[in-house]
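Participant: Handing you a structure now.
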Amino acid sequence: MTNLTINGRSLASDSPPDTPLLWVLREELRLTGTRFGCGLGVCGACTVHIDGQAVRSCQVKVGQVGAGAITTIEGLHPSNAHPVQQAWIEIQVPQCGYCQSGQIMQAAALLAHNPSPSTTEIQDAMNGNLCRCATYPRIAGAVKRAAQMMKEKKHV
Amino acid sequence: MSDELLPNAGRRSFLVRSTTLAGAGFLSIALPPALGIGDAQAAMAATPAYTPSIWFTITPDGVTTMHIVKAEMGQHIGTAFAQIIAEELEVPWDKVRLDMPLESAANFGIYGLAYTVNSGSVTTEFDRLSRAGALGRMALVEAGAKLLGAKLDKCYASAGRVIDRASKRSIGYGEILQKVKLEKSFAYPADFRSVKLKDRKDYKVIGKSVPALDIPAKTNGSAKYAMDVFLPNMAYGALAIPRTRHASKVLSVDDSAAKGIPGYLKSVVIPDHMNKCMGWVVALAETYPAALAASKALKIETDAGPYGSLSLDDIKADFVALMNKPEEGANWVLEGDVEKSMSGADKTLAVEYSSDMICHAFMEPINCTVMQAADGSWHVHVGTQSTSFARMTLTAYLSMVLGKKQEELSVFVHQYLVGGGFGGKQDYDDVLAAAYCAHVLGRPVKFIQSRESQFAVSHPRTPTLHRLKAGIKDGKLAAMSHDMVSGWMGPRFAVGKKFNNGTDWLQLDSWDDKKQDIDQWSVGGSDHWYHVPNHRVRAWNSDRTTWAIQASALRTVSNSYNMFVVESFMDEAAHAAGRDPLEFRLSMLNGKGGNRGIPNTGHPPGTKSDYYLDQIWISLPWPTDKSWPEYESGTVGGALRLANCLRVAARKSGWGSKKLPKNTGMGLAVSSAEERQSPTWVAGVAEVTVDTTTGAYKINKLTIAMDMGIAINPDNVKAQIMGSALWGAGQVLSERLDFENGLLKQSNFHEYKPVRQVDVPEFDIELIESGRHPMGVGEPASTIVAPAVANAIFAATGARVRHLPITPAAVLEALKALKA
Ligand code: FES
Ligand code: FES
């Protein structure tokens with residue numbers, strides 16, 4: 001059994017320790033907002049945070065997480081109050097939506113570390129996240145908008 | 001109408017539910033928490049609701065729930081349909097909800113063919129959804145007038161209220177339903193003909209960029225795709241990658257290694273009735289990781305079948321051999337006398353084009369969960385482009401596999417959000433396999449394609465080969481011939497899908513007396529809107545290719561290669577004639593003859609291409625007598641609308657005036673995808689910089705002008721244009737599939753390369769809202785990028801590449817050829 005901290009809650013997994021965290025989250029703990037895209041670390045659909053860092057949950061074994069605090073899309077903010085979610089809705093980013101949990105988690109981690117990223121920094125940080133609907137222009141725009149929202153919030 | 005109005009008289013629970021809802025289950029979409037099959041149904045059963053026609057239900061809380069039969073796969077179709085209905089129904093937007101009807105034999109009789117395809121949803125549904133909304137409004141206004149004690153002709157509806165002009169009093173739709181039993185429902189098409197629709201200038205919801213209703217659930221993880229389904233006692237299935245893409249046979253399976261994997265249950269060879277799932281073995285386990293590991297641990301002995309040593313080079317050789325038999329080609333376009341005109345030309349130009357295979361590579365791998373319920377009925381949970389075909393295909397399959405009559409089987413298909421479709425979620429192999437596994441195991445099975453198995457059994461776009469010839473006379477394109485060979489998807493698609501009048505489902509006849517079958521979906525787009533007096537398109541089907549690779553529809557189907565070919569060739573012809581590519585194109589986009597649009601499309605209504613418009617897209621009820629109200633054809637205005645788009649795009653891009661840096665050029669392209677009878681007019685300009693030392697190039701900017709008639713939701717139209725244009729960018733930049741020894745080679749996104757964030761160019765998009773009938777916007781812009789880029793590379797360097805994708809190596813080679 002593995003004890004995990006997910007979205008501030010303590011949860012236990014019965015999966016073997018070498019099970020990819022992705023499948024533990026999705027199929028065992030039923031936090032299905034984290035998506036399966038490639039299983040190879042090359043699409044970003046499964047992105048979650050561990051201790052604030054964006055990681056590909058398909059590449060992390062559940063036994064490796066240890067005391068790391070996991071945040072999934074469900075934990076970012078369930079009613080879409082996080083600035084990244086707000087920006088995503090304002091700019092109407094998602095199309096099919098399948099990649100967007102990963103995009104949002106990637107963007108949230110970027111902004112947590114770099115509150116005002118340049119266009120190139122956004123491109124670099126988001127380049128590992130595929131979107132087959134190619135919502136890329138709006139993703140880039142929404143990251144900038146979220147950065148602005150976060151700044152405005154601080155000033156209030 | 002007044003007969004249908006009964007005073008409330010204190011009764012709180014009228015059974016005012018339309019029979020259309022009685023047998024229906026609904027999946028509520030867009031409202032987190034979204035999953036709750038039956039929840040919406042139960043909620044509606046508890047309250048008196050009004051369903052004037054099959055498309056929406058109004059409840060006494062004033063909420064209108066739109067029943068969306070189309071798949072929600074990124075185009076926000078539910079929002080578009082709701083806008084169309086809400087406009088005429090006059091309901092406030094914040095009181096609009098969406099759900100998706102359950103697919104069953106009974107519901108098929110009510111909702112018709114649930115099939116999302118061909119960029120046709122808005123085009124085919126706009127008119128009758130408008131009429132349905134208007135009829136609902138009329139019924140409510142009549143009831144409201146009565147309750148207000150007002151004269152009917154003094155009453156009107158606005159924002160969910162019936163208002164009496166005389167007394168200024170009003171009553172809400174919800175309140176009306178609380179007070180009276182409304183039962184009058186309207187049948188399609190009989191009641192729909194006479195209704196008067198709004199003047200388009202009075203639109204309030206159509207044309208407004210309301211936020212898409214399905215988006216909030218997609219930003220917090222609550223959106224439900226089929227993979228998010230959990231059924232009690234469910235097992236998992238993973239596919240062992242078959243020996244070949246198609247037609248291998250399993251001889252034996254050794255699962256001794258798999259048995260060591262904790263949770264492994266068994267492996268199942270899927271019966272290949274209907275020539276689907278050939279060579280498929282599914283490993284079943286208690287968890288998905290265990291099933292996946294087991295699928296890789298199986299030792300499977302196979303007969304590789306007829307395609308076991310077939311490779312792309314063999315296919316290419318087939319293509320050449322076919323094209324060398326001109327007498328066997330089917331004429332798709334035949335105007336004037338091409339041979340005669342060629343021989344009288346001042347100058348001829350003969351070139352060869354080709355394109356590689358690509359595949360859909362949707363981010364959501366194909367998956368489904370199937371269970372057999374205690375009553376023997378089958379339940380499929382899946383995100384698919386056609387729940388109807390999923391049900392029909394599975395019913396036919398189970399009848400063969402289980403030795404039962406189709407009538408004895410009851411199959412229900414529960415639709416979910418689709419994580420990308422692009423034409424690739426309309427084959428049901430996964431559904432058949434999961435159902436068979438559920439049957440063998442006696443438990444529900446969730447089947448998930450790994451990305452590797454997804455690529456291995458994908459349904460690619462066919463490779464193609466084209467030979468084109470131009471005859472230039474007096475600086476004009478007097479003659480054009482286009483020979484093309486490819487796998488035809490139609491014959492494969494038609495399996496199990498004879499049309500209800502018994503005709504071949506997807507085949508047209510050639511445009512001559514020979515009446516050869518011809519596959520519109522593989523040749524469409526070659527029938528362009530330029531006026532060329534002598535014009536011939538001939539096509540050959542490489543049947544072996546079709547089956548070996550399991551060729552299928554991919555976003556804009558054949559337009560995705562034919563627009564590249566036609567528009568690159570038009571540039572070449574312009575240069576051969578010594579004319580500017582813009583001026584050359586405009587001179588031929590003159591709307592003459594068959595390019596006028598309806599009433600003269602070149603195809604008499606009801607025959608040839610119009611066949612599809614009439615029969616396949618109409619999702620139902622199918623009045624076989626063609627008695628539905630007629631609506632305006634998207635072809636109205638013809639080539640002149642295309643010329644207009646081209647002028648706008650060229651002007652905005654700075655064509656002919658903008659100073660460009662070294663090795664930078666602009667290229668033009670126009671497109672009329674999707675089909676000849678359903679064009680969305682679009683033109684684009686690509687600005688590209690080429691690195692002449694490496695052949696690498698960068699798309700700096702795309703300028704796109706589109707005339708889609710009415711833009712139902714302009715902000716979403718722009719999103720769709722950008723997304724589809726970038727899809728097109730992937731096709732020219734980097735996407736390709738290899739085929740070797742019967743297998744598709746690329747296995748994951750490190751080898752198959754869609755565009756990423758760094759590839760995004762600057763966009764300048766102009767919507768030309770001409771007010772004509774609204775046409776599809778989710779695909780057409782994807783077709784202009786490849787040719788515009790090819791033409792820009794030529795403009796920048798003089799290098800002409802006639803193959804998709806355009807690799808840096810190919811650019812270098814073309815540059816070398818220039819020097820030589
Ligand atoms: S599923 Fe983990 S990166 Fe693609
Ligand atoms: S929104 Fe469809 S894959 Fe990104």
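Lettering and numbering for the structure tokens are positional, with chains as A, B, ... in the shown order, residues counted from 1 in each chain, and ligands counted from 1 in the shown order.
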For the contact check between chain B and ligand 1, emit one row per residue of chain B within 12 Å, containing the shortest atom pair and the distance in Å rounded to one decimal, counting only C-alpha atoms and all ligand atoms, chain then rising number order, as a tab-separated table.
Facilitator:
residue	atom	partner	partner_atom_place_in_ligand_line	distance
B:Met363	CA	ligand 1	4 (Fe)	8.9
B:Glu364	CA	ligand 1	1 (S)	9.9
B:Pro365	CA	ligand 1	1 (S)	10.4
B:Ser450	CA	ligand 1	1 (S)	9.8
B:Arg451	CA	ligand 1	1 (S)	8.8
B:Glu452	CA	ligand 1	4 (Fe)	11.7
B:Asn748	CA	ligand 1	4 (Fe)	9.5
B:Phe749	CA	ligand 1	4 (Fe)	8.6
B:His750	CA	ligand 1	4 (Fe)	10.5
Participant: Using only C-alpha atoms and all ligand atoms, find each protein or nucleic acid residue lying at most 8 Å from ligand 2; present the set as a compact mmCIF listing (two decimals) with N, CA, C and O atoms, in the first residue's frame.
Facilitator:
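The new file part19.txt reads:
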# COMPACT_ATOMS: atom_id res chain seq x y z
N VAL A 93 -10.38 28.81 -24.55
CA VAL A 93 -9.29 28.00 -25.10
C VAL A 93 -9.74 26.61 -25.57
O VAL A 93 -9.48 26.24 -26.70
N PRO A 94 -10.41 25.82 -24.72
CA PRO A 94 -10.58 24.41 -25.09
C PRO A 94 -11.46 24.19 -26.32
O PRO A 94 -12.43 24.91 -26.54
N GLN A 95 -11.06 23.20 -27.10
CA GLN A 95 -11.96 22.70 -28.16
C GLN A 95 -12.45 21.34 -27.67
O GLN A 95 -13.36 21.29 -26.85
N CYS A 96 -11.85 20.25 -28.11
CA CYS A 96 -12.32 18.95 -27.59
C CYS A 96 -12.04 18.84 -26.10
O CYS A 96 -12.72 18.11 -25.39
N GLY A 97 -11.05 19.56 -25.63
CA GLY A 97 -10.80 19.65 -24.19
C GLY A 97 -9.89 18.59 -23.62
O GLY A 97 -9.45 18.70 -22.48
N TYR A 98 -9.59 17.58 -24.39
CA TYR A 98 -8.92 16.42 -23.83
C TYR A 98 -7.52 16.74 -23.29
O TYR A 98 -7.11 16.21 -22.28
N CYS A 99 -6.81 17.62 -23.97
CA CYS A 99 -5.44 17.94 -23.53
C CYS A 99 -5.41 19.01 -22.46
O CYS A 99 -4.36 19.32 -21.93
N GLN A 100 -6.58 19.62 -22.20
CA GLN A 100 -6.54 20.90 -21.48
C GLN A 100 -6.20 20.79 -20.00
O GLN A 100 -5.61 21.70 -19.43
N LEU A 130 1.04 18.60 -26.18
CA LEU A 130 0.38 18.54 -27.48
C LEU A 130 -1.09 18.92 -27.37
O LEU A 130 -1.75 18.58 -26.39
N CYS A 131 -1.60 19.58 -28.40
CA CYS A 131 -3.03 19.81 -28.53
C CYS A 131 -3.38 19.50 -29.97
O CYS A 131 -2.98 20.23 -30.88
N ARG A 132 -4.08 18.43 -30.20
CA ARG A 132 -4.37 18.04 -31.58
C ARG A 132 -5.41 18.96 -32.20
O ARG A 132 -5.50 19.07 -33.42
N CYS A 133 -6.21 19.61 -31.37
CA CYS A 133 -7.13 20.63 -31.90
C CYS A 133 -6.35 21.92 -32.19
O CYS A 133 -6.91 22.86 -32.72
N ALA A 134 -5.09 21.94 -31.78
CA ALA A 134 -4.20 23.07 -32.02
C ALA A 134 -4.77 24.38 -31.48
O ALA A 134 -4.85 25.38 -32.17
N THR A 135 -5.12 24.34 -30.21
CA THR A 135 -5.60 25.57 -29.57
C THR A 135 -4.42 26.44 -29.12
O THR A 135 -4.59 27.35 -28.33
N MET B 73 -17.08 17.28 -30.17
CA MET B 73 -15.68 16.83 -30.28
C MET B 73 -14.72 17.98 -30.56
O MET B 73 -13.68 17.78 -31.17
N GLY B 74 -15.09 19.15 -30.05
CA GLY B 74 -14.17 20.26 -30.17
C GLY B 74 -14.73 21.42 -30.96
O GLY B 74 -14.22 22.53 -30.93
N PHE B 362 -5.79 11.72 -32.66
CA PHE B 362 -6.54 12.48 -31.64
C PHE B 362 -5.89 12.25 -30.28
O PHE B 362 -5.31 11.20 -30.01
N MET B 363 -6.00 13.25 -29.41
CA MET B 363 -5.33 13.11 -28.11
C MET B 363 -6.00 12.04 -27.25
O MET B 363 -5.35 11.43 -26.42
N GLU B 364 -7.26 11.81 -27.42
CA GLU B 364 -7.93 10.74 -26.68
C GLU B 364 -7.84 9.46 -27.49
O GLU B 364 -8.50 9.33 -28.53
N GLY B 419 -12.76 13.18 -27.37
CA GLY B 419 -11.47 13.87 -27.23
C GLY B 419 -10.74 13.98 -28.56
O GLY B 419 -9.60 13.54 -28.71
N GLY B 420 -11.42 14.57 -29.54
CA GLY B 420 -10.88 14.69 -30.89
C GLY B 420 -11.42 13.57 -31.75
O GLY B 420 -11.38 12.39 -31.39
Participant: Give the answer as one residue: which of A:Leu21, A:Cys38, A:Ile91, A:Leu11 has the shortest atom-to-atom distance to chain B, using only C-alpha atoms?
Facilitator: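 The closest residue to chain B is A:Cys38.
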Participant: Measuring atom to atom with only C-alpha atoms, identify which of B:Phe81, B:Phe493, B:Tyr225, B:Phe192 is nearest to chain A.
Facilitator: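 Counting only C-alpha atoms, the residue closest to chain A is B:Tyr225.
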Participant: Report the distance between atom CA of Arg26 of chain A and atom CA of His113 of chain A in Å, rounded to one decimal place.
Facilitator: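 Taking atom CA of Arg26 of chain A as the start and atom CA of His113 of chain A as the end point, the length is 26.8 Å.
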Participant: Near Met105 of chain A, within 8 Å and counting only C-alpha atoms, which residues show up once chain neighbours fewer than 4 positions away are dropped, as a list in words?
Facilitator: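 Those residues are Thr47, Val48, His49, Ala54, Thr72, Ile73, Leu76, Ser101 and Ala109 of chain A.
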Participant: Nearest residue to Leu25 of chain A out of B:Glu142, B:Asp228, B:Asp199, B:Glu88, using only C-alpha atoms?
Facilitator: B:Asp228
Participant: Take atom CA of Gly128 of chain A and atom CA of Ile721 of chain B and report the distance between them in Å, one decimal.
Facilitator: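 Taking atom CA of Gly128 of chain A and atom CA of Ile721 of chain B, their separation equals 22.9 Å.
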Participant: Write out as an NGL selection string the set of residues from segment 31-85 of chain A that DSSP, computed on the backbone, places in strand (DSSP E or B).
Facilitator: :A and (47-50 or 53-56 or 61 or 69-71)
Participant: Measure the distance from atom CA of Ala142 of chain A to atom CA of Pro754 of chain B in Å and round it to one decimal.
Facilitator: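 Value for the atom CA of Ala142 of chain A-atom CA of Pro754 of chain B distance: 21.3 Å.
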Participant: Env of Leu642 of chain B: 8 Å cut, atoms = only C-alpha atoms, seq-sep filter 4 positions within chain, self excluded. Answer as a list in words.
Facilitator: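 Residues near the query, excluding close chain neighbours: Leu589, Gly638, Leu646, Val670, Ser671, Ser672, Trp681, Val682, Ala683 and Asp707 of chain B.
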Participant: Residues as selected, N, CA, C and O atoms, written as a compact mmCIF listing (two decimals), in the first residue's frame, can you do that?
Facilitator:
# COMPACT_ATOMS: atom_id res chain seq x y z
N LEU B 589 -11.97 32.59 -61.52
CA LEU B 589 -13.04 32.48 -60.51
C LEU B 589 -14.15 33.44 -60.90
O LEU B 589 -14.44 34.41 -60.20
N GLY B 638 -21.61 30.93 -55.88
CA GLY B 638 -20.58 30.19 -56.60
C GLY B 638 -19.19 30.77 -56.45
O GLY B 638 -18.82 31.33 -55.42
N LEU B 646 -10.58 35.58 -51.78
CA LEU B 646 -9.20 35.67 -52.23
C LEU B 646 -8.74 37.13 -52.27
O LEU B 646 -7.63 37.46 -51.82
N VAL B 670 -6.83 28.91 -52.42
CA VAL B 670 -8.27 28.98 -52.10
C VAL B 670 -8.77 27.56 -51.89
O VAL B 670 -8.15 26.59 -52.33
N SER B 671 -9.90 27.47 -51.21
CA SER B 671 -10.49 26.15 -51.02
C SER B 671 -12.00 26.26 -50.92
O SER B 671 -12.54 27.28 -50.46
N SER B 672 -12.66 25.21 -51.34
CA SER B 672 -14.12 25.14 -51.26
C SER B 672 -14.53 23.86 -50.54
O SER B 672 -15.56 23.30 -50.82
N TRP B 681 -16.37 28.86 -48.37
CA TRP B 681 -15.42 29.57 -49.23
C TRP B 681 -14.29 30.13 -48.38
O TRP B 681 -14.54 30.86 -47.43
N VAL B 682 -13.08 29.79 -48.73
CA VAL B 682 -11.96 30.25 -47.90
C VAL B 682 -10.72 30.48 -48.77
O VAL B 682 -10.48 29.76 -49.74
N ALA B 683 -10.00 31.51 -48.41
CA ALA B 683 -8.75 31.81 -49.11
C ALA B 683 -7.69 32.17 -48.08
O ALA B 683 -8.03 32.65 -46.99
N ASP B 707 -15.73 32.98 -46.05
CA ASP B 707 -17.15 33.32 -46.16
C ASP B 707 -17.94 32.06 -45.84
O ASP B 707 -18.04 31.15 -46.67
